[in-house]
Every structure is written in C-alpha cells, then in structure tokens.
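Trainee: Below are the structure tokens for one structure; questions will follow.
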Amino acid sequence: MAAVDQEFFRRVSRIPHHGLGLSVDVYTPDLFELLDGLATGGAGGRGLACDYLEIFKAAQPALAAVRRRLPNMMLEYHAEGLWVTQPDLTTGYPFEAELAATSAQLQTLGSSWMNHECAAKQMAGYSFGTYLPPLFTPASAEVTARHIGLVQDRLDRQGQDSGWRSPLFLLELPPLTYFGFGDLSVAEFFRLVTERTPCGLVLDLGHLWTIHRYSNAWRDRGLREFCADFLEVFPLERVVQIHVAGLDEHESGAQATEGRGPLWIDAHGAPIPDVLFEMLAQVLAHPRLQHVKGIALEVDNKSVPVIVQEFCRFRGQFSRWKGADRQGQEPGRQNEAPSRAQAVARESVAGTGRGPGDESRALLGQYDRYARLVTGEAGDAGPTLGMEPEALEFYRRTYFPHEILHWGGELREMFPETCRQLDRAGLALETFVRYWVREPRPALAPYDFFLLKVERFVEFVREVLPAAAQGAEREAAELRGAYQTACEPVTHGADACRG
C-alpha cells in the first residue's frame with residue numbers, strides 16, 4: 001500500500017460516522033429558522049433529525065454564534081479562497097490571510113474536515129463570481145496535489161502549536177458550467193491527485209451530472225452507464241462525503257437544442273431532481289466506497305419548506321444507510337507511528353524530482369489563456385472534454401456578463417443614482433463587463449465577490465464618468481457598511497452574505 005494511502009487511512013479513521021446532514025449557509029436561509037423547520041417538519045410534526053451540518057465560510061462572529069447555540073452537533077466546514085488548483089497560490093493571492101482565517105474558523109467549529117472545491121473563482125489575475133474547474137492535465141493535477149499537501153501541512157503544524165486536532169482536507173468534485181478543458185478525463189485527474197497526496201474527496205452528484213452533460217458523454221452513453229464507467233476510474237476509496245444538490249437552467253432562460261437534454265447547471269436553490277437520488281443509490285452500492293462518513297443535501301439559497309420536504313424524502317429513502325466505515329486496516333498497520341506516516345506522505349507530495357518553478361510558470365500561462373478564453377478576450381480553445389461548439393459562446397455572451405451585472409447583487413439596485421447618471425450620459429452598463437476583464441489585476445484582499453464588485457464599479461465610474469464618481473463612492477460606502485452589519489449576526493431574517 002502506498003504511503004499516501006496509509007496516511008489517508010490513518011487520518012480518516014479518526015473521523016466519526018456522521019450520517020445524513022445538510023450543507024448550509026448561515027445566512028440564506030437563516031440557519032436557525034431552518035433548524036426550527038426541521039424540528040417540526042417530519043410526519044405528524046415529529047421532526048427530522050439532522051445528524052450534522054457542513055457550514056460554508058462566513059464571518060467569524062457568525063460561526064462562533066452557531067457553535068454556541070449548537071454545542072453538541074458535528075459541524076464541518078466548507079472553505080473558499082484557498083485556490084489550490086492555481087500555480088501561483090502562494091504568490092498571486094493573500095494566501096497567509098486566507099489560511100489564517102480558515103484555521104480560525106475550523107477551530108471555532110471544531111471540524112473534522114475542511115472541504116474545498118477543486119475549482120477557483122480567481123485565476124491569472126481575473127476574478128469570477130462562480131467556480132471555474134481546473135485544467136484537467138497531468139501538470140495541473142500535480143500542482144493541485146502539491147498545494148493540498150501544503151495546506152494540510154500548515155493546518156497540522158497550527159494544530160500542534162494550538163493543541164487542536166487538524167481536520168482532513170477534502171477536495172470536492174467540481175461542476176462543469178458548460179465546458180471543461182484538458183487532455184485527462186475528470187476521473188483520471190482525481191486519480192492522479194490522490195496518488196500524490198493523502199487527501200479525502202467529496203463526490204458531488206449534481207456536479208457529476210454536469211460532467212456527463214458537458215463532456216458530451218451523453219452522446220454515446222446513458223447516465224447510469226456513464227456513472228458506472230466514471231466510478232471505476234475515480235478514487236472512490238478516498239470519498240469521505242457525498243453531496244446532493246439542485247440543478248436548474250440558467251436564469252437567463254437558456255434552452256437546450258431538441259434531443260440534447262436540459263442545460264442544467266449547479267443550482268443549490270433549485271429542487272433536487274429525482275435522477276440525483278437514483279445516482280446516489282447507484283454510488284452507495286459500489287464496493288469501493290469504503291470510507292464515506294456523511295451524505296449531505298446542499299441547501300443554501302433554498303426556502304425552508306422546500307428543504308424540509310426534500311430532507312424528509314432523503315431521510316425516508318436513505319435512513320438505512322449506516323456508512324461503510326471500513327477503515328482499510330491491515331494486520332500490523334494500526335500501530336504505525338503517525339509522525340513517520342506523515343513524513344512519508346509529505347515526501348511523496350514534494351518528491352516529484354522536479355522543482356515547481358518552470359512547471360508552475362508554464363501552467364500559469366495556460367490559466368491566463370483559459371481566463372481570457374472564457375471571457376472572450378482570446379480565440380480558439382485548447383483540448384476540451386468534448387464541449388459542444390455553442391457552449392463556450394453561451395458562457396461568454398450570456399453567463400459571464402450576467403455574473404458581473406446581476407449575480408451576487410444587481411448593479412442597478414446597488415448603485416441606483418450612479419446608474420441613472422450613466423444612462424443619462426449614454427454609457428451602457430454592459431461596458432462594465434469589458435472593463436472587468438480588460439487587464440489582469442493582483443488579488444490583494446481575501447476573495448469576496450460582492451466587495452470586489454463594489455470596488456471595481458467605483459473604479460469604472462471614475463474612468464468613464466468622473467462627474468459621477470463622488471456619488472458612486474458614497475453609494476459604495478453605504479453598501480460596505482450594510483454588508484458588514486448583515487454578515488456578522490446570525491438572527492432570524494439575516495441577509496445573504498455568501499460571496
């Protein structure tokens with residue numbers, strides 16, 4: 001057995017069985033309104049037991065309030081901003097600040113794992129509102145594994161210094177939002193990552209559906225056959241958690257061409273389609289699924305009544321699932337010295353025989369082209385996973401502009417007076433999209449799309465209509481103040497702050 005596998009088995013054996021839970025945002029819907037709804041939501045008002053929560057990154061005071069009010073509940077953590085897929089993770093982003101905040105939030109919650117998407121919202125100086133998957137190449141897999149090892153090692157050292165048990169890094173299967181680039185299949189990419197680092201994985205079934213749809217596997221294989229083939233290659237033995245969430249068409253109203261299936265994308269606020277529960281049953285029957293600790297419905301941005309209805313169905317259908325929890329213990333392995341196992345695992349991550357310099361620079365150039373390609377600033381695509389010709393064009397012309405102008409805050413609602421002045425001056429708001437991607441910019445602060453949008457819009461107004469700049473700055477100050485106020489308390493009716 002490889003050293004990285006031994007180290008994974010040692011770490012995962014410390015994590016208790018979690019059962020059936022929810023992956024939530026503390027703000028939308030209000031977490032305690034949701035828990036109240038579950039308490040009375042079962043048949044006959046008997047209530048629905050939620051075994052654990054996985055909580056998305058939030059303001060530190062909000063997470064502390066959650067822990068105080070739920071002292072005995074298992075609380076896991078969904079991180080953001082540690083862009084492990086990016087070759088310039090430690091130099092192009094405020095890595096130390098992000099890591100310090102992540103560590104503090106993990107300690108506050110007392111989490112057994114830290115989940116992070118195998119995706120990024122920033123790359124090569126460009127910022128996005130939603131996740132972009134990595135380049136599915138061997139070099140990208142190697143860089144991703146190296147960075148996971150770095151983050152895990154830093155969390156381990158902080159845990160030793162502070163006297164708390166560091167959580168296991170879980171890497172989540174990313175969604176495809178209409179396309180993917182690379183010369184590896186997604187399953188092969190994850191196999192390469194897990195051969196190089198002892199991380200766990202999160203298998204997101206909605207994301208897996210998008211891989212079937214947007215890698216064009218749907219052309220020659222049905223979903224069940226595709227899933228069977230995918231699971232044979234994907235490192236199922238590393239899966240620690242499974243996610244199930246809603247799927248929906250983009251709110252712009254995109255429609256699939258007849259016979260091609262719906263143009264669904266990851267949409268946590270949308271209903272969970274029946275097909276995902278069918279996929280879950282198929283996955284749970286697989287013999288290599290040996291270390292799953294929990295299954296969670298992702299329900300941020302969904303109404304409480306719909307969550308209660310779906311969780312009731314979920315518990316009814318899968319309440320007999322107890323988890324495999326087969327720890328892969330082999331005779332004589334239980335007493336292996338942890339420090340030696342960790343050292344061997346770190347060597348396997350770092351000891352590739354090549355320094356990261358040239359490889360990372362080349363990969364950074366590829367990510368620069370990737371970012372410019374999907375925003376319409378560059379031409380032809382490189383190797384793809386079988387993308388439909390119109391998919392990239394839809395992202396460029398519709399999805400990305402919508403993200404900048406509407407997602408995470410409607411610009412006309414955020415800056416009403418400034419937008420009226422732009423209208424009177426004959427300046428189309430859509431020109432802000434091109435301003436956004438005109439040039440790469442350094443990431444100086446921890447990622448927050450809302451605050452970034454506020455900052456960039458004020459800069460845009462200063463350039464295109466200086467006479468409106470003072471008003472834009474005033475509206476921006478009001479937005480920042482309201483945002484700060486909304487993000488800290490966790491009370492019934494709190495506003496959304498998930499950036």
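Please note that chains go A, B, ... in the order of the structure tokens, that every chain numbers its residues from 1, and that ligands are numbered from 1 in the order shown.
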Give me, as JSON, numbers by chain, all polymer residues having an atom no more than 7 Å from A:Gly81, counting only C-alpha atoms and skipping those fewer than 4 positions away in the same chain.
Mentor: {"A": [98, 446, 447]}
Trainee: If we count only C-alpha atoms and set the cut-off at 12 Å, which residues sit around A:Lys121, ignoring sequence neighbours fewer than 5 positions away in its own chain? Please answer as a PyMOL selection string.
Mentor: chain A and resi 80-86+93+126-134+174+371+403+443+446-449+452+499
Trainee: If you keep C-alpha atoms, can you produce a file of those selected residues as an mmCIF file, in the first residue's frame?
Mentor:
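Output contents, as saved in part_37.cif:
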```cif
data_model
loop_
_atom_site.group_PDB
_atom_site.id
_atom_site.type_symbol
_atom_site.label_atom_id
_atom_site.label_comp_id
_atom_site.auth_asym_id
_atom_site.auth_seq_id
_atom_site.Cartn_x
_atom_site.Cartn_y
_atom_site.Cartn_z
ATOM 1 C CA GLU A 80 -13.288 29.072 -0.015
ATOM 2 C CA GLY A 81 -10.408 31.211 -1.249
ATOM 3 C CA LEU A 82 -7.607 28.640 -0.977
ATOM 4 C CA TRP A 83 -7.284 28.209 -4.723
ATOM 5 C CA VAL A 84 -5.211 25.003 -4.654
ATOM 6 C CA THR A 85 -5.653 24.485 -8.402
ATOM 7 C CA GLN A 86 -3.782 27.701 -9.173
ATOM 8 C CA TYR A 93 -3.236 35.632 -3.679
ATOM 9 C CA TYR A 126 -9.009 37.561 -13.366
ATOM 10 C CA SER A 127 -11.937 37.201 -10.944
ATOM 11 C CA PHE A 128 -15.271 35.423 -11.361
ATOM 12 C CA GLY A 129 -18.442 35.069 -9.320
ATOM 13 C CA THR A 130 -18.795 31.305 -9.655
ATOM 14 C CA TYR A 131 -16.397 28.390 -9.869
ATOM 15 C CA LEU A 132 -14.298 27.503 -12.886
ATOM 16 C CA PRO A 133 -12.953 23.930 -12.939
ATOM 17 C CA PRO A 134 -9.212 23.285 -13.164
ATOM 18 C CA PRO A 174 -16.179 20.457 -9.369
ATOM 19 C CA ALA A 371 -9.338 33.035 -18.263
ATOM 20 C CA GLU A 403 -22.492 37.149 -13.433
ATOM 21 C CA ALA A 443 -5.658 39.818 -5.776
ATOM 22 C CA PRO A 446 -9.251 37.717 0.572
ATOM 23 C CA TYR A 447 -11.863 36.793 -2.025
ATOM 24 C CA ASP A 448 -15.307 38.343 -1.619
ATOM 25 C CA PHE A 449 -17.186 38.821 -4.876
ATOM 26 C CA LEU A 452 -14.833 43.187 -5.272
ATOM 27 C CA GLY A 499 -19.719 35.884 -1.747
#
```
Trainee: Run DSSP on the backbone and give me the residues of stretch 174-327 of chain A it puts in strand (DSSP E), as a list of chain:residue names.
Mentor: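 Answer for stretch 174-327 of chain A, restricted to strand (DSSP E): A:Gly200, A:Leu201, A:Val202, A:Leu203, A:Asp204, A:Val239, A:Val240, A:Gln241, A:Ile242, A:His243, A:Val244, A:Leu247, A:Asp248, A:Glu249, A:Trp264, A:Ile265, A:Asp266, A:Gly294, A:Ile295, A:Ala296, A:Leu297, A:Glu298.
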Trainee: Would you write out those residues with C-alpha atoms, as a PDB file, in the first residue's frame?
Mentor:
```pdb
ATOM      1  CA  GLY A 200     -10.084  12.839   1.108  1.00  0.00           C
ATOM      2  CA  LEU A 201     -12.706  13.629  -1.523  1.00  0.00           C
ATOM      3  CA  VAL A 202     -16.259  14.925  -1.740  1.00  0.00           C
ATOM      4  CA  LEU A 203     -18.295  13.322  -4.512  1.00  0.00           C
ATOM      5  CA  ASP A 204     -20.938  15.845  -5.569  1.00  0.00           C
ATOM      6  CA  VAL A 239     -14.561   9.636  -0.748  1.00  0.00           C
ATOM      7  CA  VAL A 240     -15.417  10.873   2.753  1.00  0.00           C
ATOM      8  CA  GLN A 241     -18.581  12.834   1.986  1.00  0.00           C
ATOM      9  CA  ILE A 242     -21.252  12.836  -0.733  1.00  0.00           C
ATOM     10  CA  HIS A 243     -23.191  15.961  -1.746  1.00  0.00           C
ATOM     11  CA  VAL A 244     -26.604  16.120  -3.415  1.00  0.00           C
ATOM     12  CA  LEU A 247     -29.893  21.536 -10.746  1.00  0.00           C
ATOM     13  CA  ASP A 248     -31.552  24.110 -12.972  1.00  0.00           C
ATOM     14  CA  GLU A 249     -31.219  26.017 -16.220  1.00  0.00           C
ATOM     15  CA  TRP A 264     -28.815  22.230 -16.198  1.00  0.00           C
ATOM     16  CA  ILE A 265     -26.061  23.708 -14.063  1.00  0.00           C
ATOM     17  CA  ASP A 266     -25.307  23.501 -10.343  1.00  0.00           C
ATOM     18  CA  GLY A 294     -21.606  11.540   5.727  1.00  0.00           C
ATOM     19  CA  ILE A 295     -24.095  12.409   2.994  1.00  0.00           C
ATOM     20  CA  ALA A 296     -25.407  15.974   2.838  1.00  0.00           C
ATOM     21  CA  LEU A 297     -28.008  17.850   0.847  1.00  0.00           C
ATOM     22  CA  GLU A 298     -26.644  21.275  -0.180  1.00  0.00           C
TER      23      GLU A 298
END
```
Trainee: Find the spatial neighbours of stretch 407-416 of chain A, counting only C-alpha atoms, within a cut-off of 7 Å - ignore same-chain residues fewer than 4 positions away - and output them as an MDAnalysis selection string.
Mentor: chainID A and resid 402:403 420 450 472 475 499
Trainee: Go ahead and dump the residues you just picked, N, CA and C atoms, as a PDB file, in the first residue's frame.
Mentor:
```pdb
ATOM      1  N   HIS A 402     -23.875  38.132 -17.245  1.00  0.00           N
ATOM      2  CA  HIS A 402     -24.912  38.090 -16.210  1.00  0.00           C
ATOM      3  C   HIS A 402     -24.279  38.031 -14.824  1.00  0.00           C
ATOM      4  N   GLU A 403     -23.203  37.271 -14.707  1.00  0.00           N
ATOM      5  CA  GLU A 403     -22.492  37.149 -13.433  1.00  0.00           C
ATOM      6  C   GLU A 403     -21.990  38.512 -12.955  1.00  0.00           C
ATOM      7  N   ARG A 420     -28.298  55.781 -13.000  1.00  0.00           N
ATOM      8  CA  ARG A 420     -29.115  56.772 -13.708  1.00  0.00           C
ATOM      9  C   ARG A 420     -28.223  57.809 -14.387  1.00  0.00           C
ATOM     10  N   PHE A 450     -18.818  40.190  -3.706  1.00  0.00           N
ATOM     11  CA  PHE A 450     -19.634  41.388  -3.523  1.00  0.00           C
ATOM     12  C   PHE A 450     -18.750  42.619  -3.320  1.00  0.00           C
ATOM     13  N   ALA A 472     -20.884  57.669  -6.647  1.00  0.00           N
ATOM     14  CA  ALA A 472     -20.607  56.235  -6.626  1.00  0.00           C
ATOM     15  C   ALA A 472     -19.867  55.845  -5.352  1.00  0.00           C
ATOM     16  N   GLU A 475     -22.387  55.779  -2.479  1.00  0.00           N
ATOM     17  CA  GLU A 475     -23.209  54.570  -2.513  1.00  0.00           C
ATOM     18  C   GLU A 475     -22.386  53.342  -2.119  1.00  0.00           C
ATOM     19  N   GLY A 499     -20.361  35.251  -0.605  1.00  0.00           N
ATOM     20  CA  GLY A 499     -19.719  35.884  -1.747  1.00  0.00           C
ATOM     21  C   GLY A 499     -19.311  34.924  -2.799  1.00  0.00           C
TER      22      GLY A 499
END
```
Trainee: Would you work out the distance separating atom CA of A:Arg146 from atom CA of A:Pro16, expressed in Å to one decimal?
Mentor: 27.0 Å
Trainee: Could you tell me which of A:Thr210, A:Asn72, A:Ser140, A:Thr431 comes closest to A:Ala362 if we count only C-alpha atoms?
Mentor: A:Ser140
Trainee: Excluding A:Thr108 and any residue of its chain fewer than 6 positions from it, enumerate the residues within 10 Å of it, using only C-alpha atoms, and give them as a PyMOL selection string.
Mentor: chain A and resi 60-61+63-68+75+102
Trainee: Please dump the current selection as a PDB file, in the first residue's frame; keep N, CA and C atoms.
Mentor:
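Output file again-v1.pdb is given in full below:
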```
ATOM      1  N   GLN A  60     -16.517  35.331  11.155  1.00  0.00           N
ATOM      2  CA  GLN A  60     -16.127  34.613  12.368  1.00  0.00           C
ATOM      3  C   GLN A  60     -17.165  34.731  13.492  1.00  0.00           C
ATOM      4  N   PRO A  61     -17.720  35.927  13.778  1.00  0.00           N
ATOM      5  CA  PRO A  61     -18.729  36.008  14.842  1.00  0.00           C
ATOM      6  C   PRO A  61     -19.965  35.161  14.549  1.00  0.00           C
ATOM      7  N   LEU A  63     -20.049  32.271  12.872  1.00  0.00           N
ATOM      8  CA  LEU A  63     -19.722  30.871  13.135  1.00  0.00           C
ATOM      9  C   LEU A  63     -19.612  30.604  14.634  1.00  0.00           C
ATOM     10  N   ALA A  64     -19.063  31.556  15.368  1.00  0.00           N
ATOM     11  CA  ALA A  64     -18.979  31.392  16.821  1.00  0.00           C
ATOM     12  C   ALA A  64     -20.374  31.304  17.439  1.00  0.00           C
ATOM     13  N   ALA A  65     -21.318  32.091  16.913  1.00  0.00           N
ATOM     14  CA  ALA A  65     -22.690  32.041  17.414  1.00  0.00           C
ATOM     15  C   ALA A  65     -23.330  30.689  17.124  1.00  0.00           C
ATOM     16  N   VAL A  66     -23.049  30.141  15.952  1.00  0.00           N
ATOM     17  CA  VAL A  66     -23.582  28.821  15.612  1.00  0.00           C
ATOM     18  C   VAL A  66     -23.048  27.770  16.580  1.00  0.00           C
ATOM     19  N   ARG A  67     -21.747  27.796  16.840  1.00  0.00           N
ATOM     20  CA  ARG A  67     -21.179  26.804  17.753  1.00  0.00           C
ATOM     21  C   ARG A  67     -21.752  26.942  19.161  1.00  0.00           C
ATOM     22  N   ARG A  68     -21.963  28.173  19.613  1.00  0.00           N
ATOM     23  CA  ARG A  68     -22.536  28.362  20.957  1.00  0.00           C
ATOM     24  C   ARG A  68     -23.941  27.791  21.044  1.00  0.00           C
ATOM     25  N   LEU A  75     -20.117  19.870  13.383  1.00  0.00           N
ATOM     26  CA  LEU A  75     -20.117  20.988  12.443  1.00  0.00           C
ATOM     27  C   LEU A  75     -18.865  20.907  11.586  1.00  0.00           C
ATOM     28  N   THR A 102      -9.124  30.662   7.664  1.00  0.00           N
ATOM     29  CA  THR A 102      -9.642  29.299   7.580  1.00  0.00           C
ATOM     30  C   THR A 102      -9.330  28.527   8.854  1.00  0.00           C
TER      31      THR A 102
END
```
Trainee: Restricting the calculation to only C-alpha atoms: of A:Leu34, A:Ala476, A:Ala245, A:Leu263, which residue gets closest to A:Phe179?
Mentor: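 Comparing A:Leu34, A:Ala476, A:Ala245, A:Leu263 against A:Phe179, the winner is A:Leu263.
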Trainee: Please report, as number ranges by chain, each residue of stretch 100-313 of chain A to which DSSP assigns helix (DSSP H, G or I) when run on this structure's backbone.
Mentor: A: 100-109, 138-162, 186-196, 205-214, 217-219, 223-233, 236-238, 274-284, 304-313
Trainee: Taking C-alpha atoms for each residue, export the selection above as a compact mmCIF listing (two decimals), in the first residue's frame.
Mentor:
```
# COMPACT_ATOMS: atom_id res chain seq x y z
CA ALA A 100 -5.21 32.15 8.97
CA ALA A 101 -8.93 32.89 8.61
CA THR A 102 -9.64 29.30 7.58
CA SER A 103 -7.69 27.92 10.53
CA ALA A 104 -9.53 30.18 12.98
CA GLN A 105 -12.93 29.16 11.61
CA LEU A 106 -12.03 25.46 11.72
CA GLN A 107 -11.03 25.81 15.37
CA THR A 108 -14.24 27.69 16.17
CA LEU A 109 -16.40 24.95 14.69
CA PRO A 138 -1.18 15.94 -15.50
CA ALA A 139 0.72 19.13 -14.66
CA SER A 140 -2.40 20.69 -13.15
CA ALA A 141 -3.06 17.56 -11.06
CA GLU A 142 0.49 17.65 -9.74
CA VAL A 143 0.27 21.32 -8.75
CA THR A 144 -3.12 20.76 -7.12
CA ALA A 145 -1.77 17.85 -5.08
CA ARG A 146 1.28 19.84 -4.01
CA HIS A 147 -0.87 22.71 -2.78
CA ILE A 148 -3.24 20.40 -0.90
CA GLY A 149 -0.18 18.95 0.82
CA LEU A 150 0.99 22.45 1.69
CA VAL A 151 -2.36 23.46 3.21
CA GLN A 152 -2.68 20.18 5.12
CA ASP A 153 0.85 20.51 6.48
CA ARG A 154 0.23 24.09 7.62
CA LEU A 155 -3.02 23.09 9.34
CA ASP A 156 -1.22 20.19 11.03
CA ARG A 157 1.51 22.48 12.35
CA GLN A 158 -1.00 25.03 13.60
CA GLY A 159 -2.92 22.23 15.29
CA GLN A 160 0.19 21.03 17.06
CA ASP A 161 1.02 24.56 18.20
CA SER A 162 -2.54 25.25 19.41
CA VAL A 186 -12.11 14.20 -14.75
CA ALA A 187 -11.86 10.80 -13.06
CA GLU A 188 -8.25 10.36 -14.24
CA PHE A 189 -7.38 13.82 -12.92
CA PHE A 190 -8.62 12.94 -9.44
CA ARG A 191 -6.82 9.61 -9.53
CA LEU A 192 -3.55 11.46 -10.21
CA VAL A 193 -4.19 13.92 -7.36
CA THR A 194 -4.87 11.18 -4.82
CA GLU A 195 -1.77 9.25 -5.89
CA ARG A 196 0.26 12.29 -4.78
CA LEU A 205 -23.59 14.08 -7.62
CA GLY A 206 -25.03 17.24 -9.17
CA HIS A 207 -21.53 18.11 -10.34
CA LEU A 208 -21.16 14.58 -11.70
CA TRP A 209 -24.37 15.07 -13.69
CA THR A 210 -22.88 18.19 -15.29
CA ILE A 211 -19.74 16.24 -16.23
CA HIS A 212 -21.92 13.72 -18.07
CA ARG A 213 -23.82 16.53 -19.80
CA TYR A 214 -20.96 18.86 -20.74
CA ALA A 217 -20.64 11.64 -22.71
CA TRP A 218 -24.41 11.83 -23.12
CA ARG A 219 -23.98 11.33 -26.87
CA LEU A 223 -26.31 8.43 -17.33
CA ARG A 224 -26.26 5.13 -15.46
CA GLU A 225 -23.66 3.62 -17.78
CA PHE A 226 -21.58 6.80 -17.61
CA CYS A 227 -21.66 6.76 -13.81
CA ALA A 228 -20.57 3.12 -13.74
CA ASP A 229 -17.62 3.87 -16.02
CA PHE A 230 -16.71 7.02 -14.07
CA LEU A 231 -16.76 5.22 -10.72
CA GLU A 232 -14.42 2.52 -11.99
CA VAL A 233 -11.68 5.13 -12.54
CA LEU A 236 -13.93 6.10 -4.62
CA GLU A 237 -11.88 4.70 -1.75
CA ARG A 238 -10.98 8.32 -0.87
CA ASP A 274 -35.13 12.55 -8.99
CA VAL A 275 -32.18 11.46 -11.11
CA LEU A 276 -29.70 12.54 -8.41
CA PHE A 277 -31.28 10.27 -5.81
CA GLU A 278 -31.09 7.46 -8.36
CA MET A 279 -27.39 8.25 -8.81
CA LEU A 280 -26.92 8.23 -5.03
CA ALA A 281 -28.37 4.74 -4.75
CA GLN A 282 -26.04 3.58 -7.53
CA VAL A 283 -22.98 5.10 -5.84
CA LEU A 284 -23.79 3.71 -2.39
CA VAL A 304 -37.12 26.32 4.33
CA PRO A 305 -40.35 24.48 3.33
CA VAL A 306 -38.64 23.00 0.25
CA ILE A 307 -35.60 21.96 2.31
CA VAL A 308 -37.82 20.25 4.88
CA GLN A 309 -39.72 18.41 2.15
CA GLU A 310 -36.54 17.24 0.41
CA PHE A 311 -34.79 16.27 3.64
CA CYS A 312 -37.86 14.26 4.70
CA ARG A 313 -37.69 12.35 1.42
```
Trainee: For a test of reading the model, state the distance in Å between atom CA of A:Ser360 and atom CA of A:Val437, rounded to one decimal.
Mentor: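 About the pair atom CA of A:Ser360 and atom CA of A:Val437: they are 22.7 Å apart.
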Trainee: Select, from A:Gly125, A:Met1, A:Cys199, A:Thr28, the residue with the minimum atom-to-atom distance to A:Arg369, counting only C-alpha atoms.
Mentor: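 Result for the nearest residue to A:Arg369: A:Gly125.
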Trainee: Nearest to A:Gly365: which of A:Glu488, A:Glu251, A:Glu390, A:Asp88 is it, counting only C-alpha atoms?
Mentor: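 Ranked by minimum distance to A:Gly365, first place goes to A:Asp88.
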Trainee: I need the residue nearest A:Leu405 from this list: A:Leu363, A:Asp36, A:Glu430, A:Gln122. Use only C-alpha atoms for the distance.
Mentor: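 So, comparing all the options, the nearest one is A:Glu430.
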Trainee: What is the distance between atom CA of A:Arg288 and atom CA of A:Tyr52, in Å to one decimal?
Mentor: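 Answer for the atom CA of A:Arg288 to atom CA of A:Tyr52 separation: 23.9 Å.
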